[in-house]
$ cat my_file_34.json   # JSON, C-alpha atoms (C1' of nucleotides)
[["chain", "number", "residue", "atom", "x", "y", "z"],
["A", 1, "MET", "CA", 6.55, -4.31, -20.10],
["A", 2, "ASN", "CA", 10.26, -3.71, -19.92],
["A", 3, "ALA", "CA", 10.38, -2.85, -23.57],
["A", 4, "ARG", "CA", 7.35, -0.60, -23.26],
["A", 5, "PHE", "CA", 8.93, 1.35, -20.42],
["A", 6, "GLN", "CA", 12.01, 1.88, -22.53],
["A", 7, "ILE", "CA", 9.91, 2.96, -25.48],
["A", 8, "ALA", "CA", 7.94, 5.39, -23.33],
["A", 9, "ILE", "CA", 11.07, 6.99, -21.87],
["A", 10, "HIS", "CA", 12.63, 7.13, -25.30],
["A", 11, "ILE", "CA", 9.64, 8.95, -26.73],
["A", 12, "LEU", "CA", 9.48, 11.41, -23.87],
["A", 13, "THR", "CA", 13.20, 12.07, -24.05],
["A", 14, "LEU", "CA", 12.90, 12.84, -27.75],
["A", 15, "LEU", "CA", 10.04, 15.22, -27.04],
["A", 16, "ASP", "CA", 12.00, 16.96, -24.31],
["A", 17, "HIS", "CA", 14.91, 17.49, -26.67],
["A", 18, "ALA", "CA", 12.53, 18.76, -29.35],
["A", 19, "ASP", "CA", 11.96, 21.72, -27.05],
["A", 20, "GLY", "CA", 8.33, 22.40, -27.90],
["A", 21, "GLU", "CA", 8.46, 21.54, -31.60],
["A", 22, "VAL", "CA", 5.99, 18.85, -32.62],
["A", 23, "LEU", "CA", 7.47, 15.51, -33.59],
["A", 24, "SER", "CA", 5.71, 12.99, -35.80],
["A", 25, "SER", "CA", 5.31, 9.31, -35.03],
["A", 26, "ASP", "CA", 7.22, 8.65, -38.22],
["A", 27, "TYR", "CA", 10.23, 10.63, -37.06],
["A", 28, "MET", "CA", 10.24, 8.94, -33.66],
["A", 29, "ALA", "CA", 9.89, 5.53, -35.24],
["A", 30, "GLY", "CA", 13.15, 6.33, -37.00],
["A", 31, "SER", "CA", 14.95, 6.92, -33.72],
["A", 32, "LEU", "CA", 13.35, 3.91, -32.09],
["A", 33, "ASN", "CA", 13.99, 1.83, -35.17],
["A", 34, "THR", "CA", 10.45, 0.50, -35.22],
["A", 35, "ASN", "CA", 7.23, 1.31, -37.02],
["A", 36, "PRO", "CA", 5.04, 4.38, -36.53],
["A", 37, "ALA", "CA", 1.95, 2.48, -35.45],
["A", 38, "LEU", "CA", 3.76, 1.06, -32.45],
["A", 39, "VAL", "CA", 4.91, 4.51, -31.48],
["A", 40, "ARG", "CA", 1.42, 5.92, -31.81],
["A", 41, "LYS", "CA", 0.04, 3.12, -29.71],
["A", 42, "GLU", "CA", 2.40, 3.84, -26.86],
["A", 43, "ILE", "CA", 1.82, 7.55, -27.23],
["A", 44, "SER", "CA", -1.90, 6.97, -27.06],
["A", 45, "ASN", "CA", -1.34, 5.47, -23.66],
["A", 46, "LEU", "CA", 0.95, 8.29, -22.54],
["A", 47, "ARG", "CA", -1.63, 10.80, -23.67],
["A", 48, "ASN", "CA", -4.35, 9.07, -21.70],
["A", 49, "HIS", "CA", -2.12, 9.54, -18.68],
["A", 50, "GLY", "CA", -1.74, 13.24, -19.38],
["A", 51, "LEU", "CA", 1.92, 13.30, -20.34],
["A", 52, "ILE", "CA", 1.67, 14.04, -24.04],
["A", 53, "ASP", "CA", -0.43, 16.33, -26.22],
["A", 54, "SER", "CA", -1.20, 15.44, -29.80],
["A", 55, "LYS", "CA", -2.34, 17.33, -32.84],
["A", 56, "GLU", "CA", -3.99, 15.57, -35.75],
["A", 57, "GLY", "CA", -3.82, 16.36, -39.43],
["A", 58, "LYS", "CA", -1.15, 17.77, -41.64],
["A", 59, "GLY", "CA", 1.71, 19.29, -39.70],
["A", 60, "GLY", "CA", 0.46, 17.44, -36.63],
["A", 61, "GLY", "CA", 2.44, 15.46, -34.12],
["A", 62, "TYR", "CA", 3.28, 15.38, -30.45],
["A", 63, "THR", "CA", 4.56, 17.57, -27.65],
["A", 64, "LEU", "CA", 4.99, 17.17, -23.89],
["A", 65, "SER", "CA", 1.97, 18.15, -21.82],
["A", 66, "LEU", "CA", 4.12, 19.09, -18.85],
["A", 67, "SER", "CA", 7.55, 20.57, -18.54],
["A", 68, "ALA", "CA", 10.15, 17.84, -18.19],
["A", 69, "ASP", "CA", 11.06, 18.85, -14.66],
["A", 70, "LYS", "CA", 7.46, 18.17, -13.60],
["A", 71, "ILE", "CA", 7.53, 14.63, -14.97],
["A", 72, "THR", "CA", 9.06, 12.06, -12.66],
["A", 73, "LEU", "CA", 10.00, 8.60, -13.81],
["A", 74, "ASP", "CA", 7.43, 6.93, -11.61],
["A", 75, "MET", "CA", 4.76, 8.76, -13.58],
["A", 76, "ILE", "CA", 6.10, 7.15, -16.72],
["A", 77, "TYR", "CA", 6.45, 3.79, -15.10],
["A", 78, "ARG", "CA", 2.84, 3.90, -13.94],
["A", 79, "THR", "CA", 1.59, 4.41, -17.48],
["A", 80, "VAL", "CA", 3.11, 1.13, -18.52],
["A", 81, "LYS", "CA", 2.58, -0.91, -15.42],
["A", 82, "THR", "CA", -0.25, -3.35, -15.07],
["A", 83, "GLY", "CA", 0.25, -5.23, -11.80],
["A", 84, "PRO", "CA", 3.13, -5.30, -9.34],
["A", 85, "LEU", "CA", 6.50, -5.55, -11.04],
["A", 86, "LEU", "CA", 7.36, -8.90, -9.57],
["A", 87, "GLY", "CA", 3.91, -10.46, -9.81],
["A", 88, "SER", "CA", 1.47, -11.63, -10.10],
["A", 89, "SER", "CA", 1.69, -15.21, -11.22],
["A", 90, "LYS", "CA", -1.35, -17.23, -12.11],
["A", 91, "ASN", "CA", -0.11, -20.20, -10.13],
["A", 92, "GLN", "CA", -2.92, -21.88, -8.30],
["A", 93, "PRO", "CA", -1.44, -23.60, -5.31],
["A", 94, "ASN", "CA", -3.36, -26.26, -3.46],
["A", 95, "PRO", "CA", -5.88, -24.67, -1.07],
["A", 96, "ALA", "CA", -5.90, -27.83, 1.01],
["A", 97, "CYS", "CA", -2.34, -27.07, 2.09],
["A", 98, "PRO", "CA", -1.90, -24.32, 4.69],
["A", 99, "ILE", "CA", 1.10, -22.93, 2.88],
["A", 100, "GLY", "CA", -0.47, -23.26, -0.54],
["A", 101, "ARG", "CA", -3.60, -21.55, 0.68],
["A", 102, "GLN", "CA", -1.82, -18.50, 2.03],
["A", 103, "ILE", "CA", 1.21, -18.12, -0.19],
["A", 104, "GLY", "CA", -0.59, -15.97, -2.73],
["A", 105, "GLY", "CA", -1.60, -13.39, -0.17],
["A", 106, "GLN", "CA", 1.77, -13.30, 1.52],
["A", 107, "ILE", "CA", 3.61, -12.94, -1.76],
["A", 108, "GLY", "CA", 1.17, -10.25, -2.79],
["A", 109, "LYS", "CA", 1.99, -8.24, 0.32],
["A", 110, "LEU", "CA", 5.67, -8.63, -0.37],
["A", 111, "TYR", "CA", 5.30, -7.54, -3.98],
["A", 112, "ASP", "CA", 3.37, -4.49, -2.95],
["A", 113, "GLU", "CA", 6.15, -3.46, -0.59],
["A", 114, "VAL", "CA", 8.76, -3.93, -3.28],
["A", 115, "ASP", "CA", 6.64, -2.05, -5.76],
["A", 116, "HIS", "CA", 6.31, 0.85, -3.41],
["A", 117, "GLU", "CA", 10.07, 0.90, -3.05],
["A", 118, "ILE", "CA", 10.55, 1.07, -6.80],
["A", 119, "LEU", "CA", 8.02, 3.83, -7.29],
["A", 120, "THR", "CA", 9.60, 5.84, -4.51],
["A", 121, "LYS", "CA", 12.99, 5.48, -6.13],
["A", 122, "LEU", "CA", 11.68, 6.47, -9.55],
["A", 123, "SER", "CA", 9.86, 9.45, -8.10],
["A", 124, "THR", "CA", 13.20, 11.02, -7.17],
["A", 125, "ILE", "CA", 14.25, 11.32, -10.80],
["A", 126, "THR", "CA", 12.72, 13.77, -13.26],
["A", 127, "LEU", "CA", 12.56, 13.39, -17.00],
["A", 128, "ALA", "CA", 14.59, 16.58, -17.21],
["A", 129, "GLU", "CA", 17.40, 15.03, -15.18],
["A", 130, "PHE", "CA", 17.28, 11.82, -17.15],
["A", 131, "SER", "CA", 17.18, 13.66, -20.43],
["A", 132, "ARG", "CA", 20.12, 15.87, -19.47],
["A", 133, "ASN", "CA", 22.47, 12.89, -19.61],
["A", 134, "PHE", "CA", 22.34, 12.83, -23.40],
["A", 135, "ASP", "CA", 24.93, 14.74, -25.45],
["B", 1, "MET", "CA", 10.66, -15.09, -13.56],
["B", 2, "ASN", "CA", 7.82, -13.86, -11.40],
["B", 3, "ALA", "CA", 6.33, -17.31, -11.20],
["B", 4, "ARG", "CA", 9.70, -18.86, -10.52],
["B", 5, "PHE", "CA", 10.29, -16.53, -7.59],
["B", 6, "GLN", "CA", 6.96, -17.52, -6.14],
["B", 7, "ILE", "CA", 7.74, -21.17, -6.66],
["B", 8, "ALA", "CA", 11.13, -20.81, -5.01],
["B", 9, "ILE", "CA", 9.73, -19.04, -1.96],
["B", 10, "HIS", "CA", 6.93, -21.54, -1.74],
["B", 11, "ILE", "CA", 9.37, -24.45, -1.73],
["B", 12, "LEU", "CA", 11.60, -22.85, 0.86],
["B", 13, "THR", "CA", 8.65, -22.01, 3.06],
["B", 14, "LEU", "CA", 7.48, -25.61, 2.93],
["B", 15, "LEU", "CA", 10.95, -26.78, 3.89],
["B", 16, "ASP", "CA", 11.14, -24.34, 6.76],
["B", 17, "HIS", "CA", 7.83, -25.60, 8.10],
["B", 18, "ALA", "CA", 9.01, -29.20, 7.70],
["B", 19, "ASP", "CA", 11.49, -28.41, 10.44],
["B", 20, "GLY", "CA", 14.35, -30.62, 9.28],
["B", 21, "GLU", "CA", 12.28, -33.49, 7.90],
["B", 22, "VAL", "CA", 13.00, -34.28, 4.27],
["B", 23, "LEU", "CA", 10.24, -33.47, 1.82],
["B", 24, "SER", "CA", 9.89, -35.13, -1.58],
["B", 25, "SER", "CA", 9.34, -33.29, -4.85],
["B", 26, "ASP", "CA", 6.11, -35.19, -5.14],
["B", 27, "TYR", "CA", 4.78, -33.86, -1.86],
["B", 28, "MET", "CA", 5.75, -30.31, -2.72],
["B", 29, "ALA", "CA", 4.20, -30.62, -6.16],
["B", 30, "GLY", "CA", 0.96, -31.34, -4.31],
["B", 31, "SER", "CA", 1.14, -28.07, -2.40],
["B", 32, "LEU", "CA", 2.21, -26.13, -5.49],
["B", 33, "ASN", "CA", -0.40, -27.87, -7.57],
["B", 34, "THR", "CA", 2.05, -28.64, -10.32],
["B", 35, "ASN", "CA", 4.20, -31.58, -11.37],
["B", 36, "PRO", "CA", 7.26, -32.95, -9.54],
["B", 37, "ALA", "CA", 9.68, -32.40, -12.40],
["B", 38, "LEU", "CA", 9.07, -28.68, -12.30],
["B", 39, "VAL", "CA", 9.68, -28.65, -8.58],
["B", 40, "ARG", "CA", 12.90, -30.60, -8.96],
["B", 41, "LYS", "CA", 14.06, -28.25, -11.66],
["B", 42, "GLU", "CA", 13.63, -25.21, -9.47],
["B", 43, "ILE", "CA", 15.18, -27.03, -6.54],
["B", 44, "SER", "CA", 18.13, -27.94, -8.68],
["B", 45, "ASN", "CA", 18.71, -24.26, -9.13],
["B", 46, "LEU", "CA", 18.24, -23.48, -5.44],
["B", 47, "ARG", "CA", 20.70, -26.21, -4.58],
["B", 48, "ASN", "CA", 23.27, -24.78, -6.97],
["B", 49, "HIS", "CA", 22.93, -21.57, -5.02],
["B", 50, "GLY", "CA", 23.52, -23.34, -1.73],
["B", 51, "LEU", "CA", 20.08, -22.97, -0.22],
["B", 52, "ILE", "CA", 18.86, -26.56, -0.34],
["B", 53, "ASP", "CA", 20.39, -29.97, 0.34],
["B", 54, "SER", "CA", 19.12, -33.05, -1.43],
["B", 55, "LYS", "CA", 19.31, -36.75, -0.84],
["B", 56, "GLU", "CA", 18.79, -39.24, -3.63],
["B", 57, "GLY", "CA", 17.28, -42.69, -3.50],
["B", 58, "LYS", "CA", 14.54, -44.23, -1.47],
["B", 59, "GLY", "CA", 13.50, -42.08, 1.46],
["B", 60, "GLY", "CA", 15.34, -39.19, -0.16],
["B", 61, "GLY", "CA", 14.15, -35.62, -0.57],
["B", 62, "TYR", "CA", 15.07, -32.10, 0.40],
["B", 63, "THR", "CA", 16.00, -29.97, 3.40],
["B", 64, "LEU", "CA", 17.20, -26.41, 3.91],
["B", 65, "SER", "CA", 20.97, -25.94, 3.81],
["B", 66, "LEU", "CA", 20.83, -22.96, 6.14],
["B", 67, "SER", "CA", 18.61, -22.04, 9.01],
["B", 68, "ALA", "CA", 15.73, -19.91, 7.82],
["B", 69, "ASP", "CA", 16.91, -16.85, 9.72],
["B", 70, "LYS", "CA", 20.13, -16.91, 7.75],
["B", 71, "ILE", "CA", 18.30, -16.85, 4.42],
["B", 72, "THR", "CA", 17.22, -13.41, 3.25],
["B", 73, "LEU", "CA", 14.78, -12.91, 0.43],
["B", 74, "ASP", "CA", 17.35, -11.26, -1.80],
["B", 75, "MET", "CA", 19.29, -14.53, -1.72],
["B", 76, "ILE", "CA", 16.23, -16.26, -3.11],
["B", 77, "TYR", "CA", 15.56, -13.57, -5.62],
["B", 78, "ARG", "CA", 19.12, -13.79, -6.91],
["B", 79, "THR", "CA", 18.73, -17.50, -7.66],
["B", 80, "VAL", "CA", 15.93, -16.73, -10.04],
["B", 81, "LYS", "CA", 17.09, -13.50, -11.52],
["B", 82, "THR", "CA", 18.79, -13.28, -14.87],
["B", 83, "GLY", "CA", 19.23, -9.63, -15.72],
["B", 84, "PRO", "CA", 17.90, -6.49, -14.07],
["B", 85, "LEU", "CA", 14.27, -6.79, -13.12],
["B", 86, "LEU", "CA", 13.07, -4.04, -15.40],
["B", 87, "GLY", "CA", 15.34, -4.83, -18.33],
["B", 88, "SER", "CA", 16.82, -5.45, -20.57],
["B", 89, "SER", "CA", 14.92, -5.12, -23.78],
["B", 90, "LYS", "CA", 16.38, -6.19, -27.06],
["B", 91, "ASN", "CA", 15.24, -3.03, -28.77],
["B", 92, "GLN", "CA", 17.82, -1.75, -31.18],
["B", 93, "PRO", "CA", 17.30, 1.97, -31.51],
["B", 94, "ASN", "CA", 18.83, 3.89, -34.36],
["B", 95, "PRO", "CA", 22.53, 4.60, -33.67],
["B", 96, "ALA", "CA", 22.43, 7.51, -36.08],
["B", 97, "CYS", "CA", 20.18, 9.36, -33.61],
["B", 98, "PRO", "CA", 21.90, 10.85, -30.54],
["B", 99, "ILE", "CA", 19.07, 9.75, -28.29],
["B", 100, "GLY", "CA", 18.76, 6.34, -29.91],
["B", 101, "ARG", "CA", 22.48, 5.80, -29.60],
["B", 102, "GLN", "CA", 22.62, 6.50, -25.87],
["B", 103, "ILE", "CA", 19.25, 5.41, -24.58],
["B", 104, "GLY", "CA", 20.34, 1.84, -23.95],
["B", 105, "GLY", "CA", 23.18, 2.86, -21.69],
["B", 106, "GLN", "CA", 21.14, 5.42, -19.80],
["B", 107, "ILE", "CA", 18.30, 3.01, -19.24],
["B", 108, "GLY", "CA", 20.78, 0.38, -18.16],
["B", 109, "LYS", "CA", 22.16, 2.67, -15.48],
["B", 110, "LEU", "CA", 18.66, 3.41, -14.28],
["B", 111, "TYR", "CA", 17.71, -0.26, -14.15],
["B", 112, "ASP", "CA", 20.81, -1.06, -12.14],
["B", 113, "GLU", "CA", 19.90, 1.56, -9.58],
["B", 114, "VAL", "CA", 16.36, 0.24, -9.29],
["B", 115, "ASP", "CA", 17.63, -3.28, -9.04],
["B", 116, "HIS", "CA", 19.93, -2.34, -6.22],
["B", 117, "GLU", "CA", 16.99, -0.80, -4.44],
["B", 118, "ILE", "CA", 14.97, -3.98, -4.73],
["B", 119, "LEU", "CA", 17.77, -6.20, -3.52],
["B", 120, "THR", "CA", 18.37, -3.94, -0.56],
["B", 121, "LYS", "CA", 14.71, -4.10, 0.37],
["B", 122, "LEU", "CA", 14.59, -7.87, 0.05],
["B", 123, "SER", "CA", 17.73, -8.25, 2.12],
["B", 124, "THR", "CA", 15.91, -6.85, 5.13],
["B", 125, "ILE", "CA", 13.50, -9.78, 5.23],
["B", 126, "THR", "CA", 14.47, -13.30, 6.27],
["B", 127, "LEU", "CA", 12.80, -16.48, 5.19],
["B", 128, "ALA", "CA", 12.07, -17.11, 8.86],
["B", 129, "GLU", "CA", 10.15, -13.86, 9.10],
["B", 130, "PHE", "CA", 8.28, -14.49, 5.90],
["B", 131, "SER", "CA", 7.49, -18.03, 6.89],
["B", 132, "ARG", "CA", 6.24, -16.97, 10.31],
["B", 133, "ASN", "CA", 3.22, -15.29, 8.70],
["B", 134, "PHE", "CA", 1.60, -18.61, 7.92],
["B", 135, "ASP", "CA", -0.81, -20.23, 10.37],
["C", 1, "DT", "C1'", 16.53, -57.18, -6.29],
["C", 2, "DG", "C1'", 12.43, -54.37, -5.90],
["C", 3, "DT", "C1'", 10.78, -49.94, -4.55],
["C", 4, "DA", "C1'", 10.97, -45.11, -4.06],
["C", 5, "DC", "C1'", 13.17, -41.50, -4.74],
["C", 6, "DT", "C1'", 16.27, -37.65, -7.42],
["C", 7, "DG", "C1'", 18.50, -35.51, -11.83],
["C", 8, "DT", "C1'", 18.01, -33.93, -16.19],
["C", 9, "DA", "C1'", 17.11, -33.67, -21.02],
["C", 10, "DA", "C1'", 13.85, -33.23, -24.57],
["C", 11, "DT", "C1'", 9.76, -31.75, -26.16],
["C", 12, "DA", "C1'", 5.20, -29.88, -26.37],
["C", 13, "DA", "C1'", 1.82, -26.53, -25.16],
["C", 14, "DT", "C1'", 0.57, -22.20, -23.75],
["C", 15, "DT", "C1'", 0.76, -17.49, -23.03],
["C", 16, "DT", "C1'", 2.54, -13.15, -23.69],
["C", 17, "DT", "C1'", 4.50, -9.68, -26.23],
["C", 18, "DA", "C1'", 5.81, -7.29, -30.24],
["C", 19, "DA", "C1'", 5.32, -6.08, -35.03],
["C", 20, "DT", "C1'", 2.74, -5.19, -39.07],
["C", 21, "DT", "C1'", -0.90, -3.94, -42.03],
["C", 22, "DA", "C1'", -4.68, -1.35, -43.11],
["C", 23, "DC", "C1'", -7.68, 2.25, -43.28],
["C", 24, "DA", "C1'", -10.85, 5.85, -41.45],
["C", 25, "DG", "C1'", -10.67, 10.56, -39.57],
["C", 26, "DA", "C1'", -8.54, 15.22, -39.11],
["C", 27, "DT", "C1'", -6.15, 19.35, -40.57],
["C", 28, "DA", "C1'", -3.61, 22.51, -43.32],
["C", 29, "DA", "C1'", -2.44, 24.44, -47.51],
["C", 30, "DA", "C1'", -2.72, 24.89, -52.52],
["D", 1, "DT", "C1'", -12.54, 21.82, -52.45],
["D", 2, "DT", "C1'", -9.11, 18.73, -53.31],
["D", 3, "DT", "C1'", -4.69, 16.85, -52.17],
["D", 4, "DA", "C1'", -1.06, 15.70, -49.07],
["D", 5, "DT", "C1'", 0.22, 14.65, -44.52],
["D", 6, "DC", "C1'", -0.53, 13.32, -40.31],
["D", 7, "DT", "C1'", -3.05, 10.86, -36.18],
["D", 8, "DG", "C1'", -6.17, 7.00, -34.08],
["D", 9, "DT", "C1'", -7.17, 2.49, -33.68],
["D", 10, "DA", "C1'", -8.57, -2.15, -34.78],
["D", 11, "DA", "C1'", -7.32, -6.51, -36.55],
["D", 12, "DT", "C1'", -4.06, -9.70, -37.58],
["D", 13, "DT", "C1'", 0.27, -12.04, -37.76],
["D", 14, "DA", "C1'", 4.64, -13.27, -36.05],
["D", 15, "DA", "C1'", 7.93, -14.18, -32.67],
["D", 16, "DA", "C1'", 9.54, -15.13, -28.20],
["D", 17, "DA", "C1'", 9.41, -16.46, -23.65],
["D", 18, "DT", "C1'", 7.49, -19.26, -20.31],
["D", 19, "DT", "C1'", 5.44, -23.17, -18.36],
["D", 20, "DA", "C1'", 4.13, -27.87, -18.30],
["D", 21, "DT", "C1'", 4.81, -32.67, -19.40],
["D", 22, "DT", "C1'", 6.94, -36.92, -20.48],
["D", 23, "DA", "C1'", 10.45, -40.02, -20.11],
["D", 24, "DC", "C1'", 14.04, -42.39, -18.29],
["D", 25, "DA", "C1'", 18.68, -43.07, -16.28],
["D", 26, "DG", "C1'", 20.95, -42.97, -11.77],
["D", 27, "DT", "C1'", 21.00, -43.62, -6.65],
["D", 28, "DA", "C1'", 19.97, -45.56, -2.14],
["D", 29, "DC", "C1'", 17.57, -48.17, 1.12],
["D", 30, "DA", "C1'", 15.39, -52.40, 2.82]]
$ encode --input "my_file_34.json" --output "structure tokens"
Amino acid sequence: MNARFQIAIHILTLLDHADGEVLSSDYMAGSLNTNPALVRKEISNLRNHGLIDSKEGKGGGYTLSLSADKITLDMIYRTVKTGPLLGSSKNQPNPACPIGRQIGGQIGKLYDEVDHEILTKLSTITLAEFSRNFD
Amino acid sequence: MNARFQIAIHILTLLDHADGEVLSSDYMAGSLNTNPALVRKEISNLRNHGLIDSKEGKGGGYTLSLSADKITLDMIYRTVKTGPLLGSSKNQPNPACPIGRQIGGQIGKLYDEVDHEILTKLSTITLAEFSRNFD
DNA sequence: TGTACTGTAATAATTTTAATTACAGATAAA
DNA sequence: TTTATCTGTAATTAAAATTATTACAGTACA
């Protein structure tokens, strides 16, 4: 998931710098140093979350759906996130033990709190701000 | 790492509830529903970080090194943590691209900020408080 | 000296993640 | 209307990370 988050931000940063011009998955794969299908796969996800528009066919490619100062990093993070960042393990502690029985729930609560903290932090940073750090 | 954090907290919670009595890796493996060697391995790490004392030989086992209200969850998290929580991917973007060249550093900075946020949050919770939630 | 523990290395199994290939569908332009 | 260029997505393979297990030497108590 770490790698996917990086890929997603990378893609969106490229699109922001493209300034409205469409970019192809092939071009982006060059910058990411990976193959186009992987890029398209991640873009497919970003599009489902409303961050990217695509155009098929010759001369097609991708653009941002929203202006970069309307995209916060938590929005990007959410597209890539499955469960809580820290969890959740598939450990199956012993239900006959009081600690074992309750640990999952208690850890879950903790992870949710931490997750909320992360999302709040990421929501204070826009793609535009992030993207501005590049020469 | 997620699972290891859960295992570490689980172990420490058991020890807190044991109230000074030594617990064996075998007993804890019962609560964790896993095997003793795995428990000992994680404990070995916790001991290296000064959280657990061990006693070898017959009648041996484990106790907390510190009172549970002196152990904060960030201390536990640090024992299990290798790099930043979100990172760091081994992607190797294209250095010939301005974005590709700098993305690693920019992401790294971001991850460090997020990490700091998480540690700060975890430092506000003691093992004693966490442990108190169990019946 | 036997029993009950820890400590740790080595290895095997499993799961997860990432990368690749392949090809059908869409669009624009010649 | 055909060709070139691009997206969309499924299927597969490859690689990596994680977790689990086995095994056994070392230590301490009775």
$ interface_residues --input "my_file_34.json" --of "chain D" --to "chain B" --cutoff "7 Å" --atoms "all atoms listed in the file" --output "NGL selection string"
:D and (27-29)
$ closest_atom_pairs --input "my_file_34.json" --of "chain B" --to "chain A" --cutoff "8 Å" --atoms "only C-alpha atoms" --output "CSV"
residue,atom,partner,partner_atom,distance
B:Asn2,CA,A:Leu86,CA,5.3
B:Ala3,CA,A:Ser89,CA,5.1
B:Gln6,CA,A:Ile107,CA,7.2
B:His10,CA,A:Ile103,CA,6.8
B:Thr13,CA,A:Ile99,CA,7.6
B:Leu14,CA,A:Ile99,CA,6.9
B:Gly30,CA,A:Asn94,CA,6.7
B:Ser31,CA,A:Asn94,CA,5.0
B:Leu32,CA,A:Pro93,CA,4.4
B:Asn33,CA,A:Pro93,CA,4.9
B:Thr34,CA,A:Pro93,CA,7.9
B:Leu86,CA,A:Asn2,CA,5.3
B:Gly87,CA,A:Asn2,CA,5.4
B:Ser88,CA,A:Asn2,CA,6.8
B:Ser89,CA,A:Ala3,CA,5.1
B:Lys90,CA,A:Ala3,CA,7.7
B:Asn91,CA,A:Ala3,CA,7.1
B:Gln92,CA,A:Asn33,CA,6.6
B:Pro93,CA,A:Leu32,CA,4.4
B:Asn94,CA,A:Ser31,CA,5.0
B:Pro95,CA,A:Ser31,CA,7.9
B:Ala96,CA,A:Ser31,CA,7.9
B:Cys97,CA,A:Ser31,CA,5.8
B:Pro98,CA,A:Asp135,CA,7.1
B:Ile99,CA,A:Phe134,CA,6.6
B:Gly100,CA,A:Ser31,CA,5.4
B:Gln102,CA,A:Phe134,CA,6.8
B:Ile103,CA,A:His10,CA,6.9
B:Gln106,CA,A:Asn133,CA,7.6
B:Ile107,CA,A:Gln6,CA,7.2
B:Val114,CA,A:Ile118,CA,6.4
B:Glu117,CA,A:Ile118,CA,7.1
B:Ile118,CA,A:Val114,CA,6.4
B:Lys121,CA,A:Val114,CA,7.0
B:Leu122,CA,A:Val114,CA,7.8
B:Phe130,CA,A:Gln106,CA,7.9
B:Asn133,CA,A:Gln106,CA,7.6
B:Phe134,CA,A:Ile99,CA,6.7
B:Asp135,CA,A:Pro98,CA,7.1
$ write_last_selection --input "my_file_34.json" --atoms "C-alpha atoms" --output "PDB file, in the coordinates of the input"
ATOM      1  CA  ASN B   2       7.820 -13.860 -11.400  1.00  0.00           C
ATOM      2  CA  ALA B   3       6.330 -17.310 -11.200  1.00  0.00           C
ATOM      3  CA  GLN B   6       6.960 -17.520  -6.140  1.00  0.00           C
ATOM      4  CA  HIS B  10       6.930 -21.540  -1.740  1.00  0.00           C
ATOM      5  CA  THR B  13       8.650 -22.010   3.060  1.00  0.00           C
ATOM      6  CA  LEU B  14       7.480 -25.610   2.930  1.00  0.00           C
ATOM      7  CA  GLY B  30       0.960 -31.340  -4.310  1.00  0.00           C
ATOM      8  CA  SER B  31       1.140 -28.070  -2.400  1.00  0.00           C
ATOM      9  CA  LEU B  32       2.210 -26.130  -5.490  1.00  0.00           C
ATOM     10  CA  ASN B  33      -0.400 -27.870  -7.570  1.00  0.00           C
ATOM     11  CA  THR B  34       2.050 -28.640 -10.320  1.00  0.00           C
ATOM     12  CA  LEU B  86      13.070  -4.040 -15.400  1.00  0.00           C
ATOM     13  CA  GLY B  87      15.340  -4.830 -18.330  1.00  0.00           C
ATOM     14  CA  SER B  88      16.820  -5.450 -20.570  1.00  0.00           C
ATOM     15  CA  SER B  89      14.920  -5.120 -23.780  1.00  0.00           C
ATOM     16  CA  LYS B  90      16.380  -6.190 -27.060  1.00  0.00           C
ATOM     17  CA  ASN B  91      15.240  -3.030 -28.770  1.00  0.00           C
ATOM     18  CA  GLN B  92      17.820  -1.750 -31.180  1.00  0.00           C
ATOM     19  CA  PRO B  93      17.300   1.970 -31.510  1.00  0.00           C
ATOM     20  CA  ASN B  94      18.830   3.890 -34.360  1.00  0.00           C
ATOM     21  CA  PRO B  95      22.530   4.600 -33.670  1.00  0.00           C
ATOM     22  CA  ALA B  96      22.430   7.510 -36.080  1.00  0.00           C
ATOM     23  CA  CYS B  97      20.180   9.360 -33.610  1.00  0.00           C
ATOM     24  CA  PRO B  98      21.900  10.850 -30.540  1.00  0.00           C
ATOM     25  CA  ILE B  99      19.070   9.750 -28.290  1.00  0.00           C
ATOM     26  CA  GLY B 100      18.760   6.340 -29.910  1.00  0.00           C
ATOM     27  CA  GLN B 102      22.620   6.500 -25.870  1.00  0.00           C
ATOM     28  CA  ILE B 103      19.250   5.410 -24.580  1.00  0.00           C
ATOM     29  CA  GLN B 106      21.140   5.420 -19.800  1.00  0.00           C
ATOM     30  CA  ILE B 107      18.300   3.010 -19.240  1.00  0.00           C
ATOM     31  CA  VAL B 114      16.360   0.240  -9.290  1.00  0.00           C
ATOM     32  CA  GLU B 117      16.990  -0.800  -4.440  1.00  0.00           C
ATOM     33  CA  ILE B 118      14.970  -3.980  -4.730  1.00  0.00           C
ATOM     34  CA  LYS B 121      14.710  -4.100   0.370  1.00  0.00           C
ATOM     35  CA  LEU B 122      14.590  -7.870   0.050  1.00  0.00           C
ATOM     36  CA  PHE B 130       8.280 -14.490   5.900  1.00  0.00           C
ATOM     37  CA  ASN B 133       3.220 -15.290   8.700  1.00  0.00           C
ATOM     38  CA  PHE B 134       1.600 -18.610   7.920  1.00  0.00           C
ATOM     39  CA  ASP B 135      -0.810 -20.230  10.370  1.00  0.00           C
TER      40      ASP B 135
END
$ closest_residue --input "my_file_34.json" --among "A:Val39, A:Ile52, A:Leu64, A:Leu46" --to "chain C" --atoms "only C-alpha atoms (C1' of nucleotides)"
A:Val39
$ closest_residue --input "my_file_34.json" --among "A:Tyr111, A:Thr72, A:Pro36, A:Arg78" --to "chain C" --atoms "only C-alpha atoms (C1' of nucleotides)"
A:Pro36
$ atom_distance --input "my_file_34.json" --atom1 "CA of Val80 in chain A" --atom2 "CA of Tyr77 in chain B"
23.2 Å
$ atom_distance --input "my_file_34.json" --atom1 "CA of Asp16 in chain A" --atom2 "CA of Lys70 in chain A"
11.7 Å
